[in-house]
Amino acid sequence: LAAGTNNQKIVLWKYVYAGSEPQDAWEPLTTIQLSGCIAEVGFCKKRDILSANNSTTVYILKQHVMSTHYNQEMAVVQVSAHELSISSPATDSNLKMRSDIQIKGAFVTREHVVVWDGDKVLVFEIIHGKSHIRPAGSFSSKSRNIMLFDQSAFILLPEVIQITTLQGTVKQNLKLSEGEGEYIAMFVENGFLLAATGKNIIRIWNVTRREAKLLHNKKISDLFPTIEQIQSIKCNTTGNKVSITMQTKEGYPDSKMLIWNLENDTLAYIDFSNGVTHTPTGESELERSDGQKDTVFKDQLEHISKLRELAPISHFWDSKDPRMLVCESHTLSNLAKKGKLKGRRAGNFNKTHTKMLISMFVTSDSNIVIHDLSLMQPNDLGLIGCDVPNYILTQKNGGVRENAETVTSRNDITRRPLRDFVGMEENDRESIKAMSDYSFYSTVGDMDEAFRSIKLIKSQAVWENMARMCVKSRRLDVAAVCLGNMRHVRGARALREARNEPEKEARVAMLAIQLNMYSEAEELYTNCGRYDLLNKLYQATGQWEKAIQVGESQDRMHLKRTHFKNAQFLESIGDINGAISEYERSDTHHNEVPRMLFDDQDRLADYILNSKDRTLRKWWAEYLESLGEMDSAIQFYEAAQDHMSLVRMYCYFGQFEKARSYAEKCGDKAACYHMASQLFEPKDAQLAMHFYTKAKSYRNAISIAKDAGLEAELMTLALLARPTDMLGVARYFESRGHHEKAAILYHKAGNLGHAIELCFRTQQFEALRQMVEDLDQNTNPTLVKRCADFFIEFGQCDKAVDLMLLGGKYLEALDLCIKQNVYITEELAERMTLSKPEQEDPSASLNRNKILESVADSCMRQQSYRLAAKKYTQAGLKTKAMKALLKSGDVEKIIFFTNVSRQKDIYVMAANYLQSLDWKRDSNIMKHIILFYTKGKSFDSLAMFYEHCAQLEIDDYQNYEKAVGALTEALKYISRAKNMSTQEQEGRLALYQERISLIEKYLEARALFQTDQEAAVTSCKHLLENPKVDVAVKIGDVYGLLVEYYVTVGNVVTASFNLSYHTRD
């Protein structure tokens, strides 16, 4: 965005990103000073040209991106149209070079620097010892890209790459054959020359010899058919891998970057728009068949989640490690806003401008593994190289106006360490190599090899950096070694003690704490749900508000402790009021506040006076009492409502009447007890008993009652006292002949046996009837039998039966029920049922079944058929159980029991019984009759049932069609019957067939009346002449057909004759 001002200036802004406010999206650039009042400014749509004019002059301003290059630890940065800054980031040396051409491009090596403007090329030699630059050659060339290696220059032209001396003498021309297009990109690295054509062909030469030797000539579209146009190419130091970025035909960057492995001629790629990587096998590294999901791959998933809507802008291989590849990527939306993105991708504008540095490793089998992602800083201009352990970047450093037509900006070279190399910037090459190996192996997941690669490192800074990496990789074993090499004794001990924590995240968090990585520790504790340890972390780091917040929301168990620790902290820094508040919240103020304020008696007294806490007031009263300030002590005892202390004070001053009155009024147990303990005289026995009773100290009250002979009160107190005291009073009454009271107390105290013995001995039969209700299985069997005999003697057989069952006399109890006709309820029957033996015991099972059968027989005699069926079933006598159910008449239970029993005889019994019911009106009963006969395989009974059904259809409904169907079923089942003689079976078959034949003849004759009436009459007469017709067809129905016919034809006489004949028959 450009604007002209009235004071001869043009102001420029650059769109950066869409912020919340429009003005935040535009970054101000340098200001251009011209002459005259600016009347108009305008941009050229197709080229980076700005025009401006005043009343007399037109200015054409051309935008030029400052040239930068990094190679062989040397960097060159263009600082103006004619000036370069040559520096070595490793040594911080800097040289200025000025040329007489307007520089359009530059390339630097350790010994030389070359610049060009599109017409002329200048080569300079760098004299390192003297920090001086001198000309080494110049020549003319139209090339826009020139590179140096050794003593040769490589000049890129559309149709040829010229290899010349530094003075411009051509040594070799590398031409293209017809159909290969034109050269569009070139790169030189460590003796390898790479070139790409517009037809997506890449050529690679070895240029270390006198003449370049062609090594590879590959059409990339054969490996990647969707490629549109190559944008740039780079190779690693060993020349076995080539990275390729692409652009579309419209000119915007493609989001994919290709990796060509020259050793096996395969291609892999990574898509920066979605994080997908593709290996030569077509299998993503994160979707391997073994399903590995360890920490390394979780880290990869985390990296991939950040790769969204990005496109690679520049890419560089590390100058020493052939596995390391770094890339600068921008958001696609940012590129769209710059006009470089067109079509559908231009719509993916996410209102965020992201510039990101991405480092990755390319393995020998062409797998691409992301090492790290980091956002570029706001003042970063771009990535120009990678020299492990550092990224090499350019940074902007303000702008300077050179003259009226030219504006320059000072750009600095900066080194920024990669993630794993923080603190290693000044280390020796061997340590860096070891760390590089560690970084590679840890990234690809081979932690054992990674651990072996770092054993020789001695730098504590490196070990600390690796320990920090262990927090992310969760490798506590490696972390222990790192802490040992760091001599971090406290951290090693803490890590060893943390092994007791069940969650791995909690153990890793302790490592993070020892390395002062508090935010990582906080995240780890949160992820594993260890809010107790997170609370401790906040406390240790002085974040008390967060600690209390965690305690209130997630760690309620330690909330009071958190408040207590905060109170101690506030007390240590002198914040007394805050400490008091926190001690109160921790519920420790009763002890801690008096301790804290003890040296400031006035403030402590004010605090207690203003506090309504009874515990504090009581403590203050006791303190005043210890000082002898009795009146004040009594006042605070009253305020604390400490009734016992008040009674004690009144008694101390001899005010017994006031003490008695106060104890009576307040009813406090301790106060009443103290009052009773002060009454020693015999005349005060009643009053002492009264206060001991109010204090629920019944033993002391009982002791006074015994001494005073107050037996009436003694019985009442004993019933209120504990069992041990009851027994003592019971023995007291027994010794004095009060047997009824003694028996009651023995019973209440739980000594039932002694109570019953006492009742028998003293003939207290009424009390005995009440006591037997509490007898249980632990009672002496002899005593139980004695009680049962007692109730039999007095005719209370139901209670006697209960006692016999309690004593385990099941058969005797059953005999008593039978003899005395005691009704057996379901509850009584269950009590007579022995539990099943846990182990196989034939004799026990036999005894149990015998008792069950006897109980069931008794229930049958008492007509309790359902209960009898239940007991028969428990005894395994299903047939008898079925007979009992049949007598009960419960159809639903009969059907259910038959289905679960699955016995043939029970099926037949149930079916026979159901036939006796009104099955004609209940289809469900009829269905179960057929089902039970079928399951019981009683086919003769089933055939007879179908015969009854047929006869029912004839007699009640005259439905001969259904009768034929029923007889057909009877015929089918009688043929399957096996429990009858052959003669009988054949007779039944013949009968059913004959009946079916006669009914069919009748149905045929009835049908003929609709078509051939004479033939129908003849058929009816033939039926009447058959002497067995009444076996299947009612004769009246045949005569009915004839009468109906004769009436229809008007032959009333013949009809009357047939009717009278039928009536006579």
# chains A, B, ... in the order shown; residues from 1 in each chain; ligands from 1

$ residues_around --residues "Leu624 (chain A)" --least-positions-apart "4" --cutoff "12 Å" --atoms "only C-alpha atoms" --output "ChimeraX atom specification"
/A:601,605,617-620,628-637

$ closest_atom_pairs --of "region 33-78 of chain A" --to "region 104-116 of chain A" --cutoff "7 Å" --atoms "only C-alpha atoms" --output "Markdown table"
| residue | atom | partner | partner_atom | distance |
| --- | --- | --- | --- | --- |
| A:Ser67 | CA | A:Gly105 | CA | 5.5 |
| A:Thr68 | CA | A:Ala106 | CA | 6.9 |
| A:His69 | CA | A:Phe107 | CA | 5.9 |
| A:Tyr70 | CA | A:Val108 | CA | 6.8 |
| A:Asn71 | CA | A:Thr109 | CA | 5.7 |
| A:Gln72 | CA | A:Arg110 | CA | 5.6 |
| A:Met74 | CA | A:Arg110 | CA | 6.1 |
| A:Ala75 | CA | A:Val108 | CA | 6.9 |
| A:Val76 | CA | A:Val108 | CA | 6.5 |

$ atom_distance --atom1 "CA of Thr1011 (chain A)" --atom2 "CA of Asp956 (chain A)"
27.9 Å

$ select_by_dssp --residues "region 130-317 of chain A" --states "helix (DSSP H, G or I)" --output "PyMOL selection string"
chain A and resi 220-222+295-306

$ residues_around --residues "region 230-238 of chain A" --least-positions-apart "6" --cutoff "9 Å" --atoms "only C-alpha atoms" --output "ChimeraX atom specification"
/A:184-192,194-202,244-248,253,314-325

$ atom_distance --atom1 "CA of Tyr746 (chain A)" --atom2 "CA of Met689 (chain A)"
23.1 Å

$ atom_distance --atom1 "CA of Ile313 (chain A)" --atom2 "CA of His330 (chain A)"
6.8 Å

$ residues_around --residues "region 41-53 of chain A" --least-positions-apart "5" --cutoff "7 Å" --atoms "only C-alpha atoms" --output "ChimeraX atom specification"
/A:3-4,58-63

$ residues_around --residues "region 256-263 of chain A" --least-positions-apart "5" --cutoff "7 Å" --atoms "only C-alpha atoms" --output "VMD selection string"
chain A and resid 240 to 245 268 to 272 366

$ residues_around --residues "Arg699 (chain A)" --least-positions-apart "2" --cutoff "9 Å" --atoms "only C-alpha atoms" --output "PyMOL selection string"
chain A and resi 692+696-697+701-704+717-718+721-722+725

$ closest_residue --among "A:Asn485, A:Thr693, A:Thr526, A:Thr1048" --to "Gly667 (chain A)" --atoms "only C-alpha atoms"
A:Thr693

$ residues_around --residues "Val121 (chain A)" --least-positions-apart "5" --cutoff "12 Å" --atoms "only C-alpha atoms" --output "VMD selection string"
chain A and resid 99 to 107 113 to 116 135 to 147 153 to 155 164 166 to 168

$ decode --residues "region 156-261 of chain A" --atoms "C-alpha atoms" --output "short mmCIF file (atom, residue, chain, number, x, y, z; two decimals), in the first residue's frame"
data_model
loop_
_atom_site.label_atom_id
_atom_site.label_comp_id
_atom_site.auth_asym_id
_atom_site.auth_seq_id
_atom_site.Cartn_x
_atom_site.Cartn_y
_atom_site.Cartn_z
CA LEU A 156 22.72 -20.82 -15.92
CA LEU A 157 21.24 -19.84 -19.28
CA PRO A 158 17.93 -21.13 -20.72
CA GLU A 159 19.58 -23.33 -23.35
CA VAL A 160 22.93 -24.17 -21.72
CA ILE A 161 24.91 -24.27 -18.47
CA GLN A 162 28.35 -22.79 -19.02
CA ILE A 163 31.27 -23.95 -16.91
CA THR A 164 33.88 -21.19 -16.96
CA THR A 165 36.94 -20.03 -15.14
CA LEU A 166 36.60 -17.21 -12.64
CA GLN A 167 37.67 -14.87 -15.43
CA GLY A 168 34.87 -16.04 -17.77
CA THR A 169 36.75 -18.44 -20.04
CA VAL A 170 34.33 -21.21 -21.07
CA LYS A 171 35.62 -24.67 -20.19
CA GLN A 172 32.53 -26.74 -20.99
CA ASN A 173 28.94 -26.28 -22.18
CA LEU A 174 26.21 -28.53 -20.78
CA LYS A 175 23.49 -28.38 -23.43
CA LEU A 176 20.05 -29.93 -23.58
CA SER A 177 18.82 -32.17 -26.34
CA GLU A 178 15.76 -31.33 -28.35
CA GLY A 179 12.50 -31.86 -26.41
CA GLU A 180 14.02 -31.46 -22.93
CA GLY A 181 12.92 -27.83 -22.59
CA GLU A 182 14.98 -25.08 -21.02
CA TYR A 183 17.01 -24.88 -17.83
CA ILE A 184 15.00 -23.25 -15.00
CA ALA A 185 16.94 -24.12 -11.82
CA MET A 186 20.50 -24.98 -10.81
CA PHE A 187 22.32 -25.97 -7.60
CA VAL A 188 25.94 -26.80 -6.71
CA GLU A 189 26.89 -28.72 -3.57
CA ASN A 190 30.15 -30.49 -2.65
CA GLY A 191 31.13 -31.33 -6.23
CA PHE A 192 27.64 -32.15 -7.48
CA LEU A 193 25.90 -29.95 -10.06
CA LEU A 194 22.10 -30.23 -10.29
CA ALA A 195 19.94 -28.70 -12.99
CA ALA A 196 16.21 -28.85 -13.69
CA THR A 197 14.39 -28.14 -16.94
CA GLY A 198 10.95 -26.89 -17.77
CA LYS A 199 10.02 -30.45 -18.78
CA ASN A 200 10.65 -31.60 -15.16
CA ILE A 201 13.90 -33.33 -16.07
CA ILE A 202 16.70 -33.30 -13.50
CA ARG A 203 20.34 -33.78 -14.49
CA ILE A 204 23.18 -34.38 -12.03
CA TRP A 205 26.90 -34.11 -12.86
CA ASN A 206 30.08 -34.75 -10.93
CA VAL A 207 32.15 -31.55 -11.35
CA THR A 208 35.12 -32.44 -9.18
CA ARG A 209 37.12 -33.51 -12.25
CA ARG A 210 38.35 -31.55 -15.21
CA GLU A 211 35.15 -32.11 -17.11
CA ALA A 212 31.70 -32.59 -15.73
CA LYS A 213 30.52 -36.20 -15.78
CA LEU A 214 26.78 -36.90 -16.08
CA LEU A 215 25.59 -39.16 -13.27
CA HIS A 216 21.80 -39.04 -13.52
CA ASN A 217 19.24 -37.90 -16.05
CA LYS A 218 15.71 -38.42 -14.75
CA LYS A 219 12.25 -37.27 -15.74
CA ILE A 220 10.58 -36.73 -12.37
CA SER A 221 7.07 -37.06 -13.83
CA ASP A 222 7.83 -40.76 -14.26
CA LEU A 223 8.03 -41.03 -10.46
CA PHE A 224 5.45 -38.34 -9.62
CA PRO A 225 2.94 -37.99 -12.47
CA THR A 226 1.00 -35.05 -10.95
CA ILE A 227 4.00 -32.70 -10.94
CA GLU A 228 3.37 -29.43 -12.81
CA GLN A 229 6.64 -27.47 -12.66
CA ILE A 230 9.82 -27.67 -10.60
CA GLN A 231 10.58 -24.53 -8.62
CA SER A 232 13.90 -25.34 -6.90
CA ILE A 233 16.21 -28.30 -6.29
CA LYS A 234 18.80 -29.01 -3.58
CA CYS A 235 20.92 -32.04 -2.71
CA ASN A 236 22.62 -33.21 0.49
CA THR A 237 26.37 -33.27 1.06
CA THR A 238 26.74 -36.87 -0.13
CA GLY A 239 24.71 -36.23 -3.25
CA ASN A 240 22.42 -39.25 -2.79
CA LYS A 241 19.20 -37.39 -2.02
CA VAL A 242 17.58 -34.47 -3.81
CA SER A 243 14.81 -32.27 -2.39
CA ILE A 244 12.42 -30.68 -4.88
CA THR A 245 9.85 -27.93 -4.41
CA MET A 246 7.24 -27.27 -7.07
CA GLN A 247 4.87 -24.63 -8.30
CA THR A 248 1.72 -24.74 -10.36
CA LYS A 249 1.37 -23.38 -13.85
CA GLU A 250 -0.29 -20.29 -12.35
CA GLY A 251 2.89 -19.61 -10.38
CA TYR A 252 1.95 -20.32 -6.77
CA PRO A 253 3.89 -22.77 -4.57
CA ASP A 254 2.76 -26.35 -4.27
CA SER A 255 2.29 -27.61 -0.70
CA LYS A 256 4.29 -30.80 -1.37
CA MET A 257 8.05 -31.25 -1.22
CA LEU A 258 9.58 -34.27 -2.98
CA ILE A 259 12.61 -36.31 -1.85
CA TRP A 260 14.35 -38.26 -4.64
CA ASN A 261 16.57 -41.09 -3.40
#
